[in-house]
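Coordinates from data_9.tsv are shown below (TSV, C-alpha atoms).
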```
chain	number	residue	atom	x	y	z
A	1040	ASN	CA	-13.31	-1.22	11.75
A	1041	ALA	CA	-13.35	1.97	9.69
A	1042	GLY	CA	-9.97	2.96	11.19
A	1043	VAL	CA	-9.22	6.70	11.10
A	1044	THR	CA	-11.69	8.77	9.12
A	1045	GLN	CA	-11.39	12.41	8.13
A	1046	THR	CA	-13.91	14.84	6.72
A	1047	PRO	CA	-14.07	16.67	4.45
A	1048	LYS	CA	-11.70	15.25	1.82
A	1049	PHE	CA	-11.35	18.63	0.10
A	1050	GLN	CA	-12.08	22.17	1.24
A	1051	VAL	CA	-11.58	25.64	-0.21
A	1052	LEU	CA	-11.72	28.61	2.13
A	1053	LYS	CA	-11.34	32.34	1.77
A	1054	THR	CA	-8.84	34.19	3.91
A	1055	GLY	CA	-10.31	34.91	7.32
A	1056	GLN	CA	-12.90	32.16	7.29
A	1057	SER	CA	-12.97	29.56	10.05
A	1058	MET	CA	-13.69	25.88	9.81
A	1059	THR	CA	-13.30	22.57	11.61
A	1060	LEU	CA	-11.60	19.51	10.19
A	1061	GLN	CA	-13.10	16.36	11.62
A	1062	CYS	CA	-11.18	13.24	12.69
A	1063	ALA	CA	-12.65	10.11	14.20
A	1064	GLN	CA	-11.30	6.66	15.04
A	1065	ASP	CA	-13.15	3.53	16.10
A	1066	MET	CA	-10.21	1.60	17.54
A	1067	ASN	CA	-10.47	3.01	21.10
A	1068	HIS	CA	-7.01	4.57	20.76
A	1069	GLU	CA	-5.90	6.93	23.49
A	1070	TYR	CA	-3.40	8.89	21.41
A	1071	MET	CA	-4.48	11.13	18.53
A	1072	SER	CA	-2.66	13.81	16.61
A	1073	TRP	CA	-2.84	16.23	13.70
A	1074	TYR	CA	-0.12	16.79	11.10
A	1075	ARG	CA	0.15	19.05	8.09
A	1076	GLN	CA	2.09	18.27	4.94
A	1077	ASP	CA	3.12	21.00	2.55
A	1078	PRO	CA	4.03	20.10	-1.06
A	1079	GLY	CA	7.22	18.05	-1.33
A	1080	MET	CA	7.82	18.03	2.40
A	1081	GLY	CA	7.48	15.67	5.32
A	1082	LEU	CA	4.71	15.89	7.90
A	1083	ARG	CA	4.83	18.40	10.75
A	1084	LEU	CA	2.98	17.93	14.02
A	1085	ILE	CA	0.32	20.54	14.86
A	1086	HIS	CA	-1.39	19.28	18.05
A	1087	TYR	CA	-1.74	16.00	19.85
A	1088	SER	CA	-3.74	14.36	22.63
A	1089	VAL	CA	-2.86	11.47	24.93
A	1090	GLY	CA	-6.44	11.00	26.05
A	1091	ALA	CA	-9.86	12.61	26.41
A	1092	GLY	CA	-9.56	16.04	28.01
A	1093	ILE	CA	-5.79	16.28	27.40
A	1094	THR	CA	-4.23	18.17	24.50
A	1095	ASP	CA	-0.82	19.68	23.82
A	1096	GLN	CA	0.96	21.67	21.15
A	1097	GLY	CA	3.22	20.22	18.53
A	1098	GLU	CA	5.75	21.83	16.25
A	1099	VAL	CA	3.44	24.23	14.35
A	1100	PRO	CA	0.36	25.01	16.53
A	1101	ASN	CA	-0.21	28.68	15.66
A	1102	GLY	CA	-3.57	29.36	14.03
A	1103	TYR	CA	-5.09	26.04	15.12
A	1104	ASN	CA	-7.14	24.91	18.10
A	1105	VAL	CA	-8.06	21.43	19.25
A	1106	SER	CA	-10.17	19.79	21.92
A	1107	ARG	CA	-10.72	16.17	22.90
A	1108	SER	CA	-14.06	15.62	24.59
A	1109	THR	CA	-14.33	11.94	23.64
A	1110	THR	CA	-11.86	9.15	22.92
A	1111	GLU	CA	-13.17	8.80	19.38
A	1112	ASP	CA	-13.06	12.38	18.07
A	1113	PHE	CA	-10.29	14.94	17.72
A	1114	PRO	CA	-11.41	17.97	15.65
A	1115	LEU	CA	-8.97	20.60	14.39
A	1116	ARG	CA	-10.23	24.18	14.21
A	1117	LEU	CA	-8.80	26.85	11.97
A	1118	LEU	CA	-9.64	30.14	13.66
A	1119	SER	CA	-9.01	32.57	10.79
A	1120	ALA	CA	-7.71	30.85	7.68
A	1121	ALA	CA	-4.62	32.20	5.93
A	1122	PRO	CA	-3.04	31.22	2.59
A	1123	SER	CA	-0.07	29.83	4.55
A	1124	GLN	CA	-2.41	27.17	5.92
A	1125	THR	CA	-2.94	25.70	2.47
A	1126	SER	CA	-1.80	22.13	3.00
A	1127	VAL	CA	-2.85	18.52	3.36
A	1128	TYR	CA	-3.91	17.66	6.91
A	1129	PHE	CA	-3.55	14.18	8.36
A	1130	CYS	CA	-4.99	12.82	11.56
A	1131	ALA	CA	-3.38	9.85	13.31
A	1132	SER	CA	-4.18	7.61	16.25
A	1133	SER	CA	-2.38	4.99	18.29
A	1134	TYR	CA	-2.95	2.58	21.12
A	1135	SER	CA	-0.88	3.57	24.13
A	1136	GLY	CA	-0.70	0.26	26.00
A	1137	THR	CA	2.26	-2.11	26.39
A	1138	SER	CA	4.74	-0.60	23.90
A	1139	GLY	CA	3.46	2.93	24.32
A	1140	ALA	CA	4.72	5.26	21.61
A	1141	HIS	CA	6.33	2.36	19.77
A	1142	ASN	CA	2.93	1.05	18.81
A	1143	GLU	CA	1.89	1.50	15.22
A	1144	GLN	CA	0.27	4.83	14.40
A	1145	PHE	CA	-2.69	4.75	12.02
A	1146	PHE	CA	-3.21	7.69	9.69
A	1147	GLY	CA	-6.36	8.94	8.02
A	1148	PRO	CA	-6.64	9.65	4.27
A	1149	GLY	CA	-6.13	13.38	4.71
A	1150	THR	CA	-8.00	16.61	4.04
A	1151	ARG	CA	-6.73	18.83	1.23
A	1152	LEU	CA	-7.27	22.45	2.23
A	1153	THR	CA	-6.81	25.46	-0.04
A	1154	VAL	CA	-7.04	28.98	1.37
A	1155	LEU	CA	-7.50	31.71	-1.21
B	1179	ASP	CA	17.62	15.13	18.97
B	1180	ALA	CA	19.29	12.44	16.92
B	1181	LYS	CA	18.79	12.92	13.18
B	1182	THR	CA	18.50	10.55	10.26
B	1183	THR	CA	19.92	10.81	6.74
B	1184	GLN	CA	18.35	9.04	3.78
B	1185	PRO	CA	18.98	9.19	0.03
B	1186	ASN	CA	16.48	11.37	-1.81
B	1187	SER	CA	15.44	8.65	-4.24
B	1188	MET	CA	15.96	5.05	-5.31
B	1189	GLU	CA	14.78	2.98	-8.24
B	1190	SER	CA	14.08	-0.71	-8.45
B	1191	ASN	CA	12.67	-3.26	-10.85
B	1192	GLU	CA	9.53	-5.16	-9.99
B	1193	GLU	CA	10.13	-8.50	-8.23
B	1194	GLU	CA	13.64	-7.44	-7.19
B	1195	PRO	CA	14.73	-6.59	-3.62
B	1196	VAL	CA	15.07	-3.00	-2.48
B	1197	HIS	CA	17.56	-1.95	0.19
B	1198	LEU	CA	16.82	1.45	1.71
B	1199	PRO	CA	19.65	2.85	3.84
B	1200	CYS	CA	19.29	5.19	6.80
B	1201	ASN	CA	22.19	6.78	8.65
B	1202	HIS	CA	21.73	7.81	12.28
B	1203	SER	CA	25.26	8.31	13.56
B	1204	THR	CA	24.15	10.24	16.68
B	1205	ILE	CA	21.64	7.62	17.82
B	1206	SER	CA	21.48	7.02	21.56
B	1207	GLY	CA	21.18	3.67	23.28
B	1208	THR	CA	17.45	4.03	23.92
B	1209	ASP	CA	16.40	5.28	20.45
B	1210	TYR	CA	14.17	2.95	18.47
B	1211	ILE	CA	14.30	2.99	14.66
B	1212	HIS	CA	10.87	3.25	13.05
B	1213	TRP	CA	9.97	3.14	9.36
B	1214	TYR	CA	6.83	4.53	7.81
B	1215	ARG	CA	5.90	4.86	4.17
B	1216	GLN	CA	3.50	7.11	2.31
B	1217	LEU	CA	1.89	5.94	-0.90
B	1218	PRO	CA	0.84	8.64	-3.38
B	1219	SER	CA	-2.12	10.71	-2.16
B	1220	GLN	CA	-2.44	8.67	1.04
B	1221	GLY	CA	-1.56	9.05	4.68
B	1222	PRO	CA	1.59	7.41	6.03
B	1223	GLU	CA	1.49	3.79	7.12
B	1224	TYR	CA	3.65	1.93	9.59
B	1225	VAL	CA	6.19	-0.50	8.15
B	1226	ILE	CA	8.44	-1.81	10.91
B	1227	HIS	CA	10.51	-0.82	13.93
B	1228	GLY	CA	13.41	-2.18	15.98
B	1229	LEU	CA	16.01	-1.41	18.65
B	1230	THR	CA	19.06	-3.61	18.22
B	1231	SER	CA	18.15	-6.91	16.61
B	1232	ASN	CA	17.06	-7.42	13.03
B	1233	VAL	CA	13.29	-7.55	12.66
B	1234	ASN	CA	11.00	-9.16	10.11
B	1235	ASN	CA	7.31	-8.76	9.41
B	1236	ARG	CA	4.97	-9.41	6.53
B	1237	MET	CA	5.89	-6.13	4.83
B	1238	ALA	CA	9.65	-5.88	5.19
B	1239	SER	CA	12.83	-6.62	7.14
B	1240	LEU	CA	14.90	-4.20	9.17
B	1241	ALA	CA	18.62	-4.80	9.41
B	1242	ILE	CA	20.36	-2.77	12.14
B	1243	ALA	CA	24.13	-2.35	12.14
B	1244	GLU	CA	26.00	-3.67	15.14
B	1245	ASP	CA	27.02	-0.14	16.19
B	1246	ARG	CA	23.45	1.05	15.47
B	1247	LYS	CA	24.72	4.04	13.50
B	1248	SER	CA	22.88	2.86	10.41
B	1249	SER	CA	20.04	0.59	9.39
B	1250	THR	CA	18.56	-0.79	6.19
B	1251	LEU	CA	14.94	-1.41	5.32
B	1252	ILE	CA	14.64	-4.36	2.98
B	1253	LEU	CA	11.67	-4.94	0.70
B	1254	HIS	CA	12.26	-8.48	-0.45
B	1255	ARG	CA	10.34	-8.42	-3.72
B	1256	ALA	CA	9.26	-4.98	-4.82
B	1257	THR	CA	5.85	-4.58	-6.38
B	1258	LEU	CA	4.37	-1.55	-8.09
B	1259	ARG	CA	2.38	-0.96	-4.92
B	1260	ASP	CA	5.63	-0.41	-3.00
B	1261	ALA	CA	6.28	2.84	-4.87
B	1262	ALA	CA	6.14	5.38	-2.06
B	1263	VAL	CA	8.13	7.76	0.12
B	1264	TYR	CA	9.85	5.86	2.92
B	1265	TYR	CA	10.63	7.62	6.18
B	1266	CYS	CA	13.24	6.49	8.72
B	1267	ILE	CA	12.37	7.97	12.15
B	1268	LEU	CA	14.09	7.72	15.52
B	1269	ARG	CA	11.82	7.38	18.56
B	1270	VAL	CA	13.37	8.29	21.86
B	1271	SER	CA	10.85	7.24	24.44
B	1272	SER	CA	7.83	5.04	24.83
B	1273	ASN	CA	6.05	8.14	26.20
B	1274	ASP	CA	6.89	10.38	23.24
B	1275	TYR	CA	4.34	9.79	20.51
B	1276	LYS	CA	5.48	12.56	18.21
B	1277	LEU	CA	6.79	11.41	14.83
B	1278	SER	CA	9.46	13.62	13.24
B	1279	PHE	CA	9.24	13.15	9.48
B	1280	GLY	CA	12.14	14.22	7.30
B	1281	ALA	CA	12.11	14.28	3.50
B	1282	GLY	CA	12.35	10.49	3.23
B	1283	THR	CA	13.41	8.37	0.24
B	1284	THR	CA	11.19	8.28	-2.84
B	1285	VAL	CA	11.14	4.74	-4.21
B	1286	THR	CA	10.21	4.17	-7.84
B	1287	VAL	CA	9.43	0.63	-9.01
B	1288	ARG	CA	9.77	-0.16	-12.70
B	1289	ALA	CA	7.49	-2.78	-14.22
```
Can the structure in the file be given as C-alpha coordinates, please?
Amino acid sequence: NAGVTQTPKFQVLKTGQSMTLQCAQDMNHEYMSWYRQDPGMGLRLIHYSVGAGITDQGEVPNGYNVSRSTTEDFPLRLLSAAPSQTSVYFCASSYSGTSGAHNEQFFGPGTRLTVL
Amino acid sequence: DAKTTQPNSMESNEEEPVHLPCNHSTISGTDYIHWYRQLPSQGPEYVIHGLTSNVNNRMASLAIAEDRKSSTLILHRATLRDAAVYYCILRVSSNDYKLSFGAGTTVTVRA
(Lines of atoms letter the chains of each structure in order from A and count residues from 1; the text may use other names and numbers.)
(Lines give C-alpha, C1' and ligand atoms only; values in the text may rest on other atoms or scores of the structure.)
Protein backbone atom coordinates (compact mmCIF):
# COMPACT_ATOMS: atom_id res chain seq x y z
CA ASN A 1 0.00 0.00 0.00
CA ALA A 2 1.15 3.53 -0.78
CA GLY A 3 -0.69 4.80 2.33
CA VAL A 4 -1.62 8.50 2.23
CA THR A 5 -0.16 10.44 -0.67
CA GLN A 6 -0.17 14.19 -1.18
CA THR A 7 0.66 16.30 -4.20
CA PRO A 8 2.38 18.58 -4.80
CA LYS A 9 5.18 18.46 -2.23
CA PHE A 10 5.94 22.16 -2.66
CA GLN A 11 3.94 25.04 -4.13
CA VAL A 12 4.41 28.78 -4.43
CA LEU A 13 1.37 30.93 -5.17
CA LYS A 14 0.73 34.61 -5.63
CA THR A 15 -1.92 36.32 -3.56
CA GLY A 16 -5.34 35.78 -5.09
CA GLN A 17 -4.48 32.64 -7.01
CA SER A 18 -6.46 29.45 -6.46
CA MET A 19 -5.23 25.89 -6.35
CA THR A 20 -6.11 22.40 -5.22
CA LEU A 21 -4.01 20.26 -2.91
CA GLN A 22 -4.50 16.60 -3.66
CA CYS A 23 -4.79 13.81 -1.08
CA ALA A 24 -5.37 10.14 -1.80
CA GLN A 25 -5.33 6.97 0.29
CA ASP A 26 -5.45 3.34 -0.80
CA MET A 27 -6.45 1.79 2.51
CA ASN A 28 -10.24 2.11 2.01
CA HIS A 29 -10.47 4.42 5.04
CA GLU A 30 -13.76 6.15 5.65
CA TYR A 31 -12.37 9.08 7.62
CA MET A 32 -10.14 11.72 6.03
CA SER A 33 -9.06 15.14 7.18
CA TRP A 34 -6.89 18.15 6.42
CA TYR A 35 -4.64 19.96 8.90
CA ARG A 36 -2.34 22.93 8.61
CA GLN A 37 0.81 23.45 10.62
CA ASP A 38 2.36 26.88 10.98
CA PRO A 39 6.04 27.19 12.00
CA GLY A 40 6.71 26.02 15.55
CA MET A 41 3.10 25.14 16.22
CA GLY A 42 0.91 22.08 16.45
CA LEU A 43 -1.51 21.00 13.74
CA ARG A 44 -4.93 22.63 13.37
CA LEU A 45 -7.88 20.92 11.72
CA ILE A 46 -9.27 22.57 8.57
CA HIS A 47 -11.95 20.18 7.24
CA TYR A 48 -12.80 16.54 7.65
CA SER A 49 -14.97 13.83 6.11
CA VAL A 50 -16.46 10.70 7.65
CA GLY A 51 -17.28 9.18 4.28
CA ALA A 52 -17.90 9.86 0.60
CA GLY A 53 -20.36 12.72 0.16
CA ILE A 54 -19.99 13.92 3.78
CA THR A 55 -17.75 16.81 4.84
CA ASP A 56 -17.63 19.14 7.82
CA GLN A 57 -15.65 22.11 9.06
CA GLY A 58 -12.84 21.92 11.54
CA GLU A 59 -11.17 24.60 13.62
CA VAL A 60 -9.88 26.85 10.80
CA PRO A 61 -12.05 26.34 7.67
CA ASN A 62 -12.16 29.90 6.29
CA GLY A 63 -10.62 30.24 2.83
CA TYR A 64 -10.74 26.50 2.10
CA ASN A 65 -13.24 24.21 0.39
CA VAL A 66 -13.39 20.43 0.29
CA SER A 67 -15.45 17.73 -1.37
CA ARG A 68 -15.42 13.95 -1.09
CA SER A 69 -16.77 12.26 -4.20
CA THR A 70 -14.87 9.00 -3.67
CA THR A 71 -13.55 7.10 -0.66
CA GLU A 72 -9.99 7.42 -1.92
CA ASP A 73 -9.67 11.16 -2.62
CA PHE A 74 -10.12 14.26 -0.49
CA PRO A 75 -8.88 17.41 -2.29
CA LEU A 76 -8.45 20.74 -0.51
CA ARG A 77 -9.16 23.88 -2.53
CA LEU A 78 -7.77 27.30 -1.76
CA LEU A 79 -10.22 29.76 -3.27
CA SER A 80 -8.12 32.94 -3.24
CA ALA A 81 -4.73 32.43 -1.66
CA ALA A 82 -3.53 34.83 1.03
CA PRO A 83 -0.11 35.13 2.73
CA SER A 84 -1.76 33.95 5.97
CA GLN A 85 -2.28 30.58 4.29
CA THR A 86 1.45 30.00 4.03
CA SER A 87 1.83 26.75 5.94
CA VAL A 88 2.48 23.04 5.71
CA TYR A 89 -0.67 21.06 4.93
CA PHE A 90 -1.17 17.49 6.08
CA CYS A 91 -3.84 15.05 5.03
CA ALA A 92 -4.81 12.14 7.28
CA SER A 93 -7.02 9.08 7.05
CA SER A 94 -8.38 6.47 9.42
CA TYR A 95 -10.45 3.33 9.44
CA SER A 96 -13.70 3.91 11.30
CA GLY A 97 -14.64 0.35 12.24
CA THR A 98 -14.51 -1.34 15.65
CA SER A 99 -12.62 1.27 17.70
CA GLY A 100 -13.89 4.20 15.67
CA ALA A 101 -11.94 7.38 16.34
CA HIS A 102 -9.48 5.49 18.52
CA ASN A 103 -8.07 3.78 15.47
CA GLU A 104 -4.68 4.93 14.29
CA GLN A 105 -4.70 7.93 11.97
CA PHE A 106 -2.26 7.85 9.06
CA PHE A 107 -0.76 11.11 7.86
CA GLY A 108 0.65 12.04 4.48
CA PRO A 109 4.08 13.64 3.98
CA GLY A 110 2.66 17.15 3.67
CA THR A 111 2.53 19.95 1.12
CA ARG A 112 4.60 23.06 1.82
CA LEU A 113 2.72 26.08 0.52
CA THR A 114 4.09 29.60 0.26
CA VAL A 115 1.82 32.49 -0.71
CA LEU A 116 3.61 35.64 -1.80
CA ASP B 1 -12.52 20.15 26.71
CA ALA B 2 -9.90 18.52 28.89
CA LYS B 3 -6.41 19.86 28.23
CA THR B 4 -2.96 18.34 28.42
CA THR B 5 0.31 19.83 29.68
CA GLN B 6 3.70 18.61 28.48
CA PRO B 7 7.24 19.88 29.00
CA ASN B 8 8.55 21.88 26.05
CA SER B 9 11.65 19.74 25.58
CA MET B 10 13.60 16.76 26.86
CA GLU B 11 17.02 15.34 26.11
CA SER B 12 18.22 11.77 26.23
CA ASN B 13 21.26 9.70 25.37
CA GLU B 14 21.06 7.01 22.75
CA GLU B 15 20.22 3.54 24.09
CA GLU B 16 18.79 5.01 27.31
CA PRO B 17 15.08 5.11 28.25
CA VAL B 18 13.02 8.25 27.81
CA HIS B 19 10.07 9.06 30.06
CA LEU B 20 7.74 11.70 28.62
CA PRO B 21 5.20 13.06 31.11
CA CYS B 22 1.76 14.39 30.30
CA ASN B 23 -0.57 16.03 32.81
CA HIS B 24 -4.32 15.94 32.20
CA SER B 25 -5.83 16.82 35.56
CA THR B 26 -9.30 17.57 34.11
CA ILE B 27 -9.60 14.26 32.26
CA SER B 28 -13.04 12.68 32.30
CA GLY B 29 -13.82 9.01 32.78
CA THR B 30 -14.37 8.37 29.07
CA ASP B 31 -11.31 10.24 27.71
CA TYR B 32 -8.70 8.09 26.01
CA ILE B 33 -5.04 9.16 26.06
CA HIS B 34 -3.42 9.09 22.63
CA TRP B 35 0.20 9.77 21.71
CA TYR B 36 1.47 10.81 18.31
CA ARG B 37 4.93 11.88 17.26
CA GLN B 38 6.23 13.98 14.39
CA LEU B 39 9.70 13.38 13.02
CA PRO B 40 11.42 16.34 11.36
CA SER B 41 9.82 17.32 8.04
CA GLN B 42 7.28 14.49 8.23
CA GLY B 43 3.64 14.07 9.07
CA PRO B 44 2.64 12.86 12.53
CA GLU B 45 2.54 9.14 13.25
CA TYR B 46 0.56 7.21 15.81
CA VAL B 47 2.48 5.86 18.79
CA ILE B 48 0.07 4.38 21.33
CA HIS B 49 -3.18 4.95 23.19
CA GLY B 50 -4.92 3.76 26.35
CA LEU B 51 -7.80 4.35 28.76
CA THR B 52 -6.93 3.05 32.22
CA SER B 53 -4.48 0.18 32.03
CA ASN B 54 -0.85 0.42 31.01
CA VAL B 55 -0.31 -0.42 27.36
CA ASN B 56 2.67 -1.76 25.43
CA ASN B 57 3.39 -2.00 21.73
CA ARG B 58 6.44 -2.34 19.53
CA MET B 59 7.18 1.38 19.68
CA ALA B 60 6.60 2.34 23.30
CA SER B 61 4.79 1.81 26.60
CA LEU B 62 2.11 3.99 28.12
CA ALA B 63 1.89 4.18 31.89
CA ILE B 64 -1.34 5.73 33.19
CA ALA B 65 -1.61 6.95 36.77
CA GLU B 66 -4.24 5.31 38.94
CA ASP B 67 -6.22 8.57 39.19
CA ARG B 68 -5.69 9.11 35.42
CA LYS B 69 -4.62 12.71 35.97
CA SER B 70 -1.26 12.03 34.38
CA SER B 71 0.43 9.55 32.09
CA THR B 72 3.94 8.78 30.89
CA LEU B 73 5.09 7.65 27.48
CA ILE B 74 8.14 5.43 27.79
CA LEU B 75 10.61 4.84 24.98
CA HIS B 76 12.62 1.95 26.32
CA ARG B 77 15.83 2.45 24.36
CA ALA B 78 16.04 5.75 22.54
CA THR B 79 17.58 5.80 19.10
CA LEU B 80 18.49 8.78 16.95
CA ARG B 81 15.36 8.06 14.94
CA ASP B 82 13.23 8.78 18.03
CA ALA B 83 14.16 12.47 17.91
CA ALA B 84 10.78 14.07 17.27
CA VAL B 85 7.98 16.17 18.73
CA TYR B 86 5.70 14.01 20.88
CA TYR B 87 2.06 14.97 21.31
CA CYS B 88 -0.19 13.80 24.14
CA ILE B 89 -3.84 14.09 23.04
CA LEU B 90 -7.10 13.33 24.83
CA ARG B 91 -9.85 11.72 22.75
CA VAL B 92 -13.33 12.03 24.12
CA SER B 93 -15.44 9.82 21.94
CA SER B 94 -15.11 6.99 19.48
CA ASN B 95 -17.18 9.16 17.10
CA ASP B 96 -14.95 12.23 17.37
CA TYR B 97 -12.06 11.85 14.96
CA LYS B 98 -10.62 15.31 15.42
CA LEU B 99 -7.11 15.40 16.89
CA SER B 100 -6.26 18.48 18.98
CA PHE B 101 -2.51 18.99 18.80
CA GLY B 102 -0.81 21.20 21.35
CA ALA B 103 2.84 22.25 21.24
CA GLY B 104 4.09 18.83 22.30
CA THR B 105 7.48 17.85 23.74
CA THR B 106 10.56 18.10 21.54
CA VAL B 107 12.82 15.12 22.25
CA THR B 108 16.51 15.35 21.40
CA VAL B 109 18.59 12.17 21.39
CA ARG B 110 22.35 12.48 21.83
CA ALA B 111 24.60 9.93 20.15
Which residues of chain B come within 9 Å of chain A, and for each one, what is the closest pair of atoms and their distance in Å to one decimal, counting all atoms listed in the file, sorted by chain and residue number, as a tab-separated table?
```
residue	atom	partner	partner_atom	distance
B:Tyr1210	CA	A:His1141	CA	8.0
B:His1212	CA	A:His1141	CA	8.2
B:Ser1219	CA	A:Pro1148	CA	7.9
B:Gln1220	CA	A:Pro1148	CA	5.4
B:Gly1221	CA	A:Pro1148	CA	5.1
B:Pro1222	CA	A:Phe1146	CA	6.0
B:Glu1223	CA	A:Phe1145	CA	6.5
B:Tyr1224	CA	A:Glu1143	CA	5.9
B:Val1225	CA	A:Glu1143	CA	8.5
B:Ile1226	CA	A:Glu1143	CA	8.5
B:His1227	CA	A:His1141	CA	7.9
B:Tyr1265	CA	A:Gly1081	CA	8.7
B:Arg1269	CA	A:His1141	CA	7.5
B:Ser1271	CA	A:Ala1140	CA	7.0
B:Ser1272	CA	A:Ala1140	CA	4.5
B:Asn1273	CA	A:Ala1140	CA	5.6
B:Asp1274	CA	A:Ala1140	CA	5.8
B:Tyr1275	CA	A:Ala1140	CA	4.7
B:Lys1276	CA	A:Leu1084	CA	7.3
B:Leu1277	CA	A:Leu1084	CA	7.6
B:Ser1278	CA	A:Arg1083	CA	7.1
B:Phe1279	CA	A:Gly1081	CA	5.2
B:Gly1280	CA	A:Gly1081	CA	5.3
B:Ala1281	CA	A:Gly1081	CA	5.2
B:Gly1282	CA	A:Gly1081	CA	7.4
```
Nearby residues, (14.2, -3.4, 7.8) file frame, 12 Å, all atoms listed in the file, as a PyMOL selection string: chain B and resi 1195-1200+1211-1214+1224-1243+1248-1254+1264-1266
Point-to-point distance in Å for atom CA of A:Gln1045 and atom CA of A:Asp1112: 10.1 Å
List the spatial neighbours of A:Ser1119 as a PDB file with C-alpha atoms, in the coordinates of the input - criterion: any atom at most 7 Å away, all atoms listed in the file, same-chain residues fewer than 5 positions off excluded.
```
ATOM      1  CA  GLY A1055     -10.310  34.910   7.320  1.00  0.00           C
ATOM      2  CA  GLN A1056     -12.900  32.160   7.290  1.00  0.00           C
ATOM      3  CA  SER A1057     -12.970  29.560  10.050  1.00  0.00           C
TER       4      SER A1057
END
```
Atomic separation - atom CA of A:Ala1063 relative to atom CA of A:Ala1041, Å: 9.3 Å
Select stretch 1072-1091 of chain A in the preceding structure and write N, CA, C and O atoms to a file as a short mmCIF file (atom, residue, chain, number, x, y, z; two decimals), in the first residue's frame.
```cif
data_model
loop_
_atom_site.label_atom_id
_atom_site.label_comp_id
_atom_site.auth_asym_id
_atom_site.auth_seq_id
_atom_site.Cartn_x
_atom_site.Cartn_y
_atom_site.Cartn_z
N SER A 1072 -9.08 13.78 6.64
CA SER A 1072 -9.06 15.14 7.18
C SER A 1072 -7.88 15.92 6.63
O SER A 1072 -6.93 15.34 6.12
N TRP A 1073 -7.97 17.25 6.78
CA TRP A 1073 -6.89 18.15 6.42
C TRP A 1073 -6.50 18.99 7.63
O TRP A 1073 -7.38 19.53 8.33
N TYR A 1074 -5.19 19.11 7.84
CA TYR A 1074 -4.64 19.96 8.90
C TYR A 1074 -3.66 20.94 8.26
O TYR A 1074 -3.07 20.66 7.23
N ARG A 1075 -3.44 22.04 8.96
CA ARG A 1075 -2.34 22.93 8.61
C ARG A 1075 -1.43 23.08 9.81
O ARG A 1075 -1.89 23.02 10.96
N GLN A 1076 -0.15 23.27 9.54
CA GLN A 1076 0.81 23.45 10.62
C GLN A 1076 1.68 24.66 10.30
O GLN A 1076 2.46 24.65 9.35
N ASP A 1077 1.55 25.68 11.12
CA ASP A 1077 2.36 26.88 10.98
C ASP A 1077 3.67 26.67 11.74
O ASP A 1077 3.74 25.85 12.67
N PRO A 1078 4.71 27.41 11.40
CA PRO A 1078 6.04 27.19 12.00
C PRO A 1078 6.01 27.18 13.52
O PRO A 1078 5.47 28.09 14.15
N GLY A 1079 6.58 26.12 14.11
CA GLY A 1079 6.71 26.02 15.55
C GLY A 1079 5.43 25.74 16.30
O GLY A 1079 5.39 25.83 17.53
N MET A 1080 4.38 25.37 15.57
CA MET A 1080 3.10 25.14 16.22
C MET A 1080 2.58 23.73 15.94
O MET A 1080 3.08 23.03 15.06
N GLY A 1081 1.57 23.36 16.70
CA GLY A 1081 0.91 22.08 16.45
C GLY A 1081 -0.03 22.18 15.26
O GLY A 1081 -0.25 23.24 14.69
N LEU A 1082 -0.62 21.04 14.89
CA LEU A 1082 -1.51 21.00 13.74
C LEU A 1082 -2.90 21.51 14.12
O LEU A 1082 -3.37 21.26 15.23
N ARG A 1083 -3.55 22.17 13.17
CA ARG A 1083 -4.93 22.63 13.37
C ARG A 1083 -5.82 22.06 12.26
O ARG A 1083 -5.45 22.08 11.09
N LEU A 1084 -6.98 21.59 12.65
CA LEU A 1084 -7.88 20.92 11.72
C LEU A 1084 -8.62 21.92 10.85
O LEU A 1084 -9.22 22.88 11.34
N ILE A 1085 -8.61 21.69 9.52
CA ILE A 1085 -9.27 22.57 8.57
C ILE A 1085 -10.66 22.03 8.21
O ILE A 1085 -11.68 22.69 8.43
N HIS A 1086 -10.70 20.85 7.61
CA HIS A 1086 -11.95 20.18 7.24
C HIS A 1086 -11.76 18.68 7.42
O HIS A 1086 -10.63 18.19 7.43
N TYR A 1087 -12.88 17.98 7.55
CA TYR A 1087 -12.80 16.54 7.65
C TYR A 1087 -14.01 15.90 6.99
O TYR A 1087 -15.00 16.56 6.67
N SER A 1088 -13.90 14.59 6.78
CA SER A 1088 -14.97 13.83 6.11
C SER A 1088 -15.06 12.44 6.74
O SER A 1088 -14.04 11.78 6.91
N VAL A 1089 -16.27 12.03 7.06
CA VAL A 1089 -16.46 10.70 7.65
C VAL A 1089 -16.88 9.68 6.60
O VAL A 1089 -17.15 8.52 6.93
N GLY A 1090 -16.94 10.10 5.35
CA GLY A 1090 -17.28 9.18 4.28
C GLY A 1090 -17.57 9.93 3.01
O GLY A 1090 -17.74 11.17 3.03
N ALA A 1091 -17.63 9.22 1.89
CA ALA A 1091 -17.90 9.86 0.60
C ALA A 1091 -19.21 10.63 0.67
O ALA A 1091 -20.22 10.13 1.17
#
```
